[in-house]
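Raw upload_12.csv, CSV, C-alpha atoms:
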chain,number,residue,atom,x,y,z
B,256,MET,CA,5.9,21.4,17.5
B,257,GLY,CA,7.9,18.5,16.1
B,258,VAL,CA,7.5,16.3,13.0
B,259,ARG,CA,4.2,15.8,11.2
B,260,THR,CA,4.1,12.6,9.2
B,261,GLY,CA,2.3,12.3,5.9
B,262,LEU,CA,2.1,11.1,2.3
B,263,VAL,CA,2.8,12.7,-1.1
B,264,SER,CA,-0.1,11.7,-3.3
B,265,VAL,CA,2.0,11.1,-6.4
B,266,THR,CA,3.3,8.0,-4.6
B,267,PHE,CA,0.1,6.4,-5.7
B,268,ARG,CA,-0.9,8.0,-9.0
B,269,GLN,CA,-2.7,4.8,-9.8
B,270,LEU,CA,-5.2,5.2,-6.9
B,271,ALA,CA,-8.3,7.4,-6.7
B,272,VAL,CA,-8.4,10.3,-4.3
B,273,ASP,CA,-10.6,8.5,-1.8
B,274,GLU,CA,-8.2,5.5,-1.9
B,275,VAL,CA,-5.2,7.7,-1.2
B,276,VAL,CA,-7.0,9.2,1.8
B,277,GLU,CA,-7.8,5.7,3.0
B,278,VAL,CA,-4.1,4.5,2.6
B,279,ALA,CA,-3.0,7.5,4.7
B,280,ARG,CA,-5.7,7.0,7.3
B,281,LYS,CA,-4.9,3.3,7.8
B,282,ALA,CA,-1.2,4.1,8.0
B,283,GLY,CA,-1.9,6.6,10.8
B,284,LEU,CA,-0.5,9.6,8.9
B,285,SER,CA,-1.5,13.1,9.6
B,286,ALA,CA,-1.2,14.9,6.3
B,287,ILE,CA,-1.3,14.6,2.5
B,288,GLU,CA,0.5,16.7,-0.2
B,289,TRP,CA,-1.9,16.6,-3.2
B,290,GLY,CA,-0.3,16.4,-6.6
B,291,GLY,CA,-1.4,18.7,-9.4
B,292,ASP,CA,-0.8,16.2,-12.1
B,293,ILE,CA,-3.4,13.5,-11.4
B,294,HIS,CA,-5.4,13.9,-8.2
B,295,VAL,CA,-6.0,17.7,-8.1
B,296,PRO,CA,-5.4,19.2,-11.6
B,297,LEU,CA,-4.6,22.9,-11.9
B,298,GLY,CA,-7.8,24.8,-11.9
B,299,ASP,CA,-10.0,21.9,-11.1
B,300,LEU,CA,-11.8,23.4,-8.1
B,301,ALA,CA,-14.2,20.5,-7.8
B,302,ALA,CA,-11.4,18.0,-7.4
B,303,ALA,CA,-9.7,20.3,-4.9
B,304,ARG,CA,-12.9,20.5,-2.9
B,305,LYS,CA,-13.4,16.7,-3.0
B,306,ALA,CA,-9.8,16.1,-1.7
B,307,ARG,CA,-10.2,18.6,1.0
B,308,GLU,CA,-13.6,17.2,2.2
B,309,LEU,CA,-12.3,13.6,2.2
B,310,CYS,CA,-9.3,14.7,4.2
B,311,GLU,CA,-11.5,16.6,6.7
B,312,ALA,CA,-13.8,13.6,7.1
B,313,SER,CA,-10.8,11.4,8.0
B,314,GLY,CA,-9.1,13.9,10.2
B,315,ILE,CA,-6.2,14.4,7.8
B,316,ALA,CA,-4.6,17.7,7.1
B,317,VAL,CA,-3.6,19.0,3.7
B,318,ALA,CA,0.1,19.6,3.8
B,319,ALA,CA,0.5,21.3,0.4
B,320,TYR,CA,-0.6,21.6,-3.2
B,321,GLY,CA,2.2,19.9,-5.2
B,322,SER,CA,2.1,21.9,-8.4
B,323,TYR,CA,4.4,21.5,-11.3
B,324,LEU,CA,4.7,25.2,-11.9
B,325,ARG,CA,8.2,26.2,-13.0
B,326,ALA,CA,9.2,29.6,-11.6
B,327,GLY,CA,10.2,31.9,-14.5
B,328,SER,CA,8.1,30.0,-17.0
B,329,VAL,CA,4.5,30.7,-15.8
B,330,ASP,CA,2.3,33.7,-16.4
B,331,ARG,CA,0.3,35.5,-13.8
B,332,GLU,CA,-3.0,33.8,-14.8
B,333,GLU,CA,-1.5,30.4,-14.1
B,334,ILE,CA,-0.2,31.6,-10.8
B,335,ARG,CA,-3.7,32.9,-9.9
B,336,THR,CA,-5.2,29.6,-10.9
B,337,ALA,CA,-2.7,27.7,-8.8
B,338,VAL,CA,-3.4,29.9,-5.8
B,339,ASN,CA,-7.2,29.5,-6.2
B,340,THR,CA,-6.8,25.7,-6.5
B,341,ALA,CA,-4.6,25.6,-3.4
B,342,ALA,CA,-7.1,27.8,-1.5
B,343,GLU,CA,-10.0,25.5,-2.4
B,344,LEU,CA,-7.9,22.6,-1.4
B,345,GLY,CA,-7.2,24.2,2.0
B,346,ALA,CA,-3.4,23.9,1.3
B,347,PRO,CA,-1.2,26.2,3.3
B,348,ARG,CA,1.5,26.1,0.7
B,349,ILE,CA,2.1,25.5,-3.0
B,350,ARG,CA,5.2,23.5,-4.0
B,351,VAL,CA,6.9,24.8,-7.2
B,352,TRP,CA,10.1,24.1,-9.1
B,353,ALA,CA,12.9,26.5,-9.4
B,354,GLY,CA,13.2,26.8,-13.2
B,355,THR,CA,14.1,24.3,-15.8
B,356,VAL,CA,17.9,24.0,-15.7
B,357,GLY,CA,20.4,23.1,-13.0
B,358,THR,CA,22.8,25.5,-11.3
B,359,ALA,CA,25.8,24.5,-13.3
B,360,GLU,CA,24.1,25.1,-16.6
B,361,ALA,CA,22.2,28.2,-15.6
B,362,GLY,CA,23.2,31.6,-17.0
B,363,VAL,CA,22.5,35.0,-15.5
B,364,GLY,CA,19.3,35.3,-17.4
B,365,ASP,CA,18.0,32.0,-16.2
B,366,ARG,CA,18.7,32.9,-12.5
B,367,MET,CA,17.1,36.4,-13.0
B,368,ALA,CA,14.0,34.8,-14.5
B,369,VAL,CA,13.6,32.3,-11.8
B,370,THR,CA,14.2,34.9,-9.1
B,371,ARG,CA,11.5,37.2,-10.6
B,372,GLY,CA,9.2,34.3,-11.0
B,373,LEU,CA,9.5,33.2,-7.4
B,374,ALA,CA,8.9,36.8,-6.3
B,375,GLU,CA,5.7,37.0,-8.3
B,376,LEU,CA,4.5,33.6,-7.1
B,377,ALA,CA,5.2,34.6,-3.5
B,378,ASP,CA,3.4,38.0,-4.0
B,379,VAL,CA,0.3,36.5,-5.4
B,380,ALA,CA,0.1,33.7,-2.9
B,381,ALA,CA,0.6,36.0,0.0
B,382,GLY,CA,-2.7,37.6,-0.8
B,383,SER,CA,-4.4,34.4,0.1
B,384,GLY,CA,-2.2,33.6,3.1
B,385,ILE,CA,-0.4,30.8,1.2
B,386,GLU,CA,3.3,29.9,1.2
B,387,ILE,CA,5.4,29.1,-1.9
B,388,ALA,CA,7.8,26.2,-1.2
B,389,MET,CA,10.6,25.2,-3.6
B,390,GLU,CA,11.1,21.6,-4.5
B,391,PHE,CA,14.8,20.6,-3.7
B,392,HIS,CA,15.6,18.8,-7.0
B,393,ARG,CA,18.2,18.2,-9.6
B,394,GLY,CA,17.8,19.9,-12.9
B,395,THR,CA,16.6,23.1,-11.2
B,396,LEU,CA,18.3,26.0,-9.3
B,397,THR,CA,17.6,24.2,-6.0
B,398,ASP,CA,19.9,21.3,-6.9
B,399,GLU,CA,22.4,22.4,-4.3
B,400,VAL,CA,22.3,24.3,-1.0
B,401,ASP,CA,24.1,27.6,-1.9
B,402,SER,CA,22.0,28.2,-5.0
B,403,THR,CA,18.8,27.5,-2.9
B,404,ILE,CA,19.8,29.9,-0.2
B,405,THR,CA,20.7,32.6,-2.8
B,406,LEU,CA,17.2,32.3,-4.2
B,407,LEU,CA,15.6,32.6,-0.8
B,408,LEU,CA,17.7,35.6,0.1
B,409,ASP,CA,17.4,37.3,-3.3
B,410,VAL,CA,13.6,37.0,-3.3
B,411,GLY,CA,13.4,37.9,0.4
B,412,ALA,CA,9.7,37.0,0.7
B,413,PRO,CA,8.6,35.8,4.2
B,414,ASN,CA,6.3,33.3,2.6
B,415,LEU,CA,9.0,31.7,0.4
B,416,THR,CA,10.3,28.4,1.9
B,417,THR,CA,12.0,25.3,0.7
B,418,TYR,CA,11.7,21.5,0.8
B,419,TRP,CA,14.6,19.1,1.2
B,420,GLN,CA,15.1,15.5,0.0
B,421,PRO,CA,18.2,13.4,-0.1
B,422,PRO,CA,19.9,13.9,-3.5
B,423,VAL,CA,20.6,10.7,-5.4
B,424,ASP,CA,23.8,9.0,-4.2
B,425,LEU,CA,24.8,11.6,-1.7
B,426,ASP,CA,26.2,10.1,1.5
B,427,ASP,CA,24.5,10.5,4.9
B,428,ALA,CA,26.9,13.1,6.3
B,429,GLU,CA,26.5,15.4,3.3
B,430,CYS,CA,22.8,15.0,3.4
B,431,LEU,CA,22.7,16.0,7.1
B,432,ALA,CA,24.9,19.0,6.3
B,433,GLN,CA,22.5,20.1,3.6
B,434,LEU,CA,19.6,19.8,6.0
B,435,GLU,CA,21.3,21.8,8.6
B,436,SER,CA,22.0,24.7,6.2
B,437,LEU,CA,18.4,24.8,4.9
B,438,LEU,CA,16.7,24.5,8.3
B,439,PRO,CA,15.9,28.2,8.7
B,440,TRP,CA,13.7,28.1,5.6
B,441,LEU,CA,12.6,24.4,5.7
B,442,SER,CA,8.9,23.5,5.7
B,443,THR,CA,8.9,19.9,4.4
B,444,VAL,CA,11.1,16.9,3.9
B,445,HIS,CA,10.2,14.2,1.3
B,446,VAL,CA,11.0,10.9,2.8
B,447,PHE,CA,12.2,7.9,0.7
B,448,SER,CA,14.9,5.3,0.6
B,449,TRP,CA,16.8,5.2,-2.7
B,450,TRP,CA,20.2,3.6,-3.1
B,451,PRO,CA,22.1,3.4,-5.3
B,452,SER,CA,20.8,5.9,-7.8
B,453,ASN,CA,17.0,5.7,-7.9
B,454,ASN,CA,16.6,2.1,-6.9
B,455,ARG,CA,13.8,2.0,-4.4
B,456,LEU,CA,14.3,0.2,-1.1
B,457,PRO,CA,12.3,-0.3,2.0
B,458,LEU,CA,12.6,2.9,4.1
B,459,ALA,CA,14.4,0.9,6.9
B,460,ALA,CA,17.4,0.4,4.5
B,461,ARG,CA,18.5,4.0,5.1
B,462,GLU,CA,18.0,4.2,8.8
B,463,SER,CA,21.5,5.7,9.2
B,464,LEU,CA,20.2,8.7,7.3
B,465,TRP,CA,16.6,9.1,8.4
B,466,ARG,CA,17.0,8.6,12.2
B,467,PRO,CA,19.3,11.6,12.6
B,468,VAL,CA,17.3,13.6,10.1
B,469,LEU,CA,14.1,13.1,12.0
B,470,ASP,CA,15.9,13.7,15.4
B,471,ARG,CA,17.1,17.0,14.0
B,472,LEU,CA,13.6,18.0,12.7
B,473,ALA,CA,12.1,17.1,16.1
B,474,ALA,CA,14.4,19.5,17.8
B,475,GLU,CA,12.9,22.5,15.9
B,476,PRO,CA,10.4,24.7,17.7
B,477,ARG,CA,8.0,24.5,14.7
B,478,GLU,CA,6.1,21.9,12.8
B,479,ILE,CA,8.0,20.4,9.8
B,480,ASN,CA,6.4,17.8,7.5
B,481,ALA,CA,8.0,14.5,6.8
B,482,LEU,CA,6.1,13.1,3.9
B,483,LEU,CA,6.6,9.6,2.5
B,484,GLU,CA,7.1,9.4,-1.2
B,485,PHE,CA,8.0,6.8,-3.9
B,486,VAL,CA,7.9,3.4,-2.2
B,487,ALA,CA,9.4,0.2,-3.5
B,488,ASP,CA,7.2,-1.3,-6.3
B,489,ASP,CA,4.5,1.3,-5.7
B,490,SER,CA,3.2,-1.2,-3.2
B,491,VAL,CA,0.6,-0.2,-0.6
B,492,ASP,CA,1.8,-3.0,1.7
B,493,GLN,CA,5.4,-1.7,1.5
B,494,PHE,CA,4.0,1.8,2.1
B,495,SER,CA,2.3,0.6,5.3
B,496,THR,CA,5.5,-1.0,6.5
B,497,ASP,CA,7.5,2.2,5.7
B,498,ALA,CA,4.9,4.4,7.5
B,499,ALA,CA,5.2,2.2,10.6
B,500,GLN,CA,8.9,2.5,10.4
B,501,LEU,CA,8.7,6.3,10.1
B,502,HIS,CA,6.5,6.5,13.1
B,503,SER,CA,8.8,4.3,15.1
B,504,TRP,CA,11.7,6.8,14.4
B,505,VAL,CA,9.6,9.9,15.0
Turn this file's structure into structure tokens for me.
Amino acid sequence: MGVRTGLVSVTFRQLAVDEVVEVARKAGLSAIEWGGDIHVPLGDLAAARKARELCEASGIAVAAYGSYLRAGSVDREEIRTAVNTAAELGAPRIRVWAGTVGTAEAGVGDRMAVTRGLAELADVAAGSGIEIAMEFHRGTLTDEVDSTITLLLDVGAPNLTTYWQPPVDLDDAECLAQLESLLPWLSTVHVFSWWPSNNRLPLAARESLWRPVLDRLAAEPREINALLEFVADDSVDQFSTDAAQLHSWV
């Protein structure tokens, strides 16, 4: 199936939904992950419907509903609302966060709460044929590979997957090792070029990372999303350049 290129809508929080769709269309991207903070707020079914219809009209798929639900800290009503919003959006998956503390700081109770929360999220979402995908992010229990895999195995839900993105300041070899370990559960990669720390660079600045990452994803027998996120200066022009670069590598 190969790599499907796309955009994370939070990259352009300053743009309206129709403008985000137009940016993606002009860049030749295939999919959008819609954020739940600005563009498609939790429970706003009209906004979800509008985003879905605009995508359909432009031939763009919905990659995911990027929620900000924190597993272990949400009640069942919020979960149902997120699932209903994602269903109206036509999203095949909901992105969630694995708790509120990092692996090193987490106690047994924290891990148990997140594991139970992920299981409940996956159970409710399964009723609508929707995946739950964990953001791979610092300050959560998916801040490193072993903890992420432990969550996936402990929950054991077939519709629980994970994202991956390069952790801040991690070198290319370590990033590729992380990717390889997570591949059996991987649905999506967030693509950006930060170095050092969170300084945003043109995507081409980390060719030594992204070329082998995309080659590895392309070898998989299923479709994996490579979604551009957080461009330098929040610039639409820079985004267009980065999208062209991404396509040249894919």
Using all atoms listed in the file for the distances, tell me which of B:His502, B:Arg461, B:Arg335, B:Arg325 is nearest to B:Thr397. B:Arg325
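One finds atom CA of B:Leu438 at 11.8 Å from atom CA of B:Thr403.
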Tell me which protein, DNA and RNA residues are within 10 Å of B:Val295, counting only C-alpha atoms, leaving out same-chain ones fewer than 3 positions away, and put them as a list of chain:residue names. B:Ser264, B:Val272, B:Trp289, B:Gly290, B:Gly291, B:Asp292, B:Gly298, B:Asp299, B:Leu300, B:Ala301, B:Ala302, B:Ala303, B:Arg304, B:Lys305, B:Ala306, B:Tyr320, B:Gly321, B:Ser322, B:Thr340, B:Ala341, B:Leu344
Considering all atoms listed in the file, return as a ChimeraX atom specification whatever protein or nucleic-acid residues lie within 10 Å of stretch 493-495 of chain B, sequence-local ones (same chain, fewer than 4 positions apart) excluded. /B:262,266-267,278-279,281-283,456-458,483-489,499-501
For B:Ala286: contacts at 10 Å, only C-alpha atoms, fewer than 6 positions along chain excluded, given as JSON, numbers by chain: {"B": [259, 260, 261, 262, 263, 276, 279, 280, 310, 314, 315, 316, 317, 318, 319, 480, 481, 482]}
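One finds atom CA of B:Ala326 at 8.0 Å from atom CA of B:Arg371.
Taking only C-alpha atoms, the non-local environment of B:Ile385 within 6 Å (same-chain residues fewer than 2 positions away omitted) comprises Pro347, Arg348, Ala380, Ala381 and Ser383 of chain B.
Proximity to B:Leu270 was assessed for B:Leu441, B:His294, B:Ser402, B:Ala374 counting all atoms listed in the file; the smallest distance is recorded for B:His294.
Each of B:Gly345, B:Ala337, B:Ile293, B:Glu274 was compared to B:Glu308 using all atoms listed in the file, and B:Gly345 turns out to be the nearest.
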Point-to-point distance in Å for atom CA of B:Gln433 and atom CA of B:Val329: 28.5 Å
Answer as a PyMOL selection string, residues within 12 Å of (17.7, 28.0, 7.1) using only C-alpha atoms: chain B and resi 400-401+403-405+407-408+415-419+432-442+475
Give me the residues within 9 Å of stretch 358-366 of chain B as JSON, numbers by chain, counting only C-alpha atoms and dropping any in the same chain fewer than 2 places off. {"B": [327, 354, 355, 356, 368, 369, 370, 371, 393, 394, 395, 396, 397, 398, 399, 402, 406]}
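Among the candidates B:Ile334, B:Ala474, B:Val505, B:Val491, the one nearest to B:Glu462 when counting all atoms listed in the file is B:Val505.
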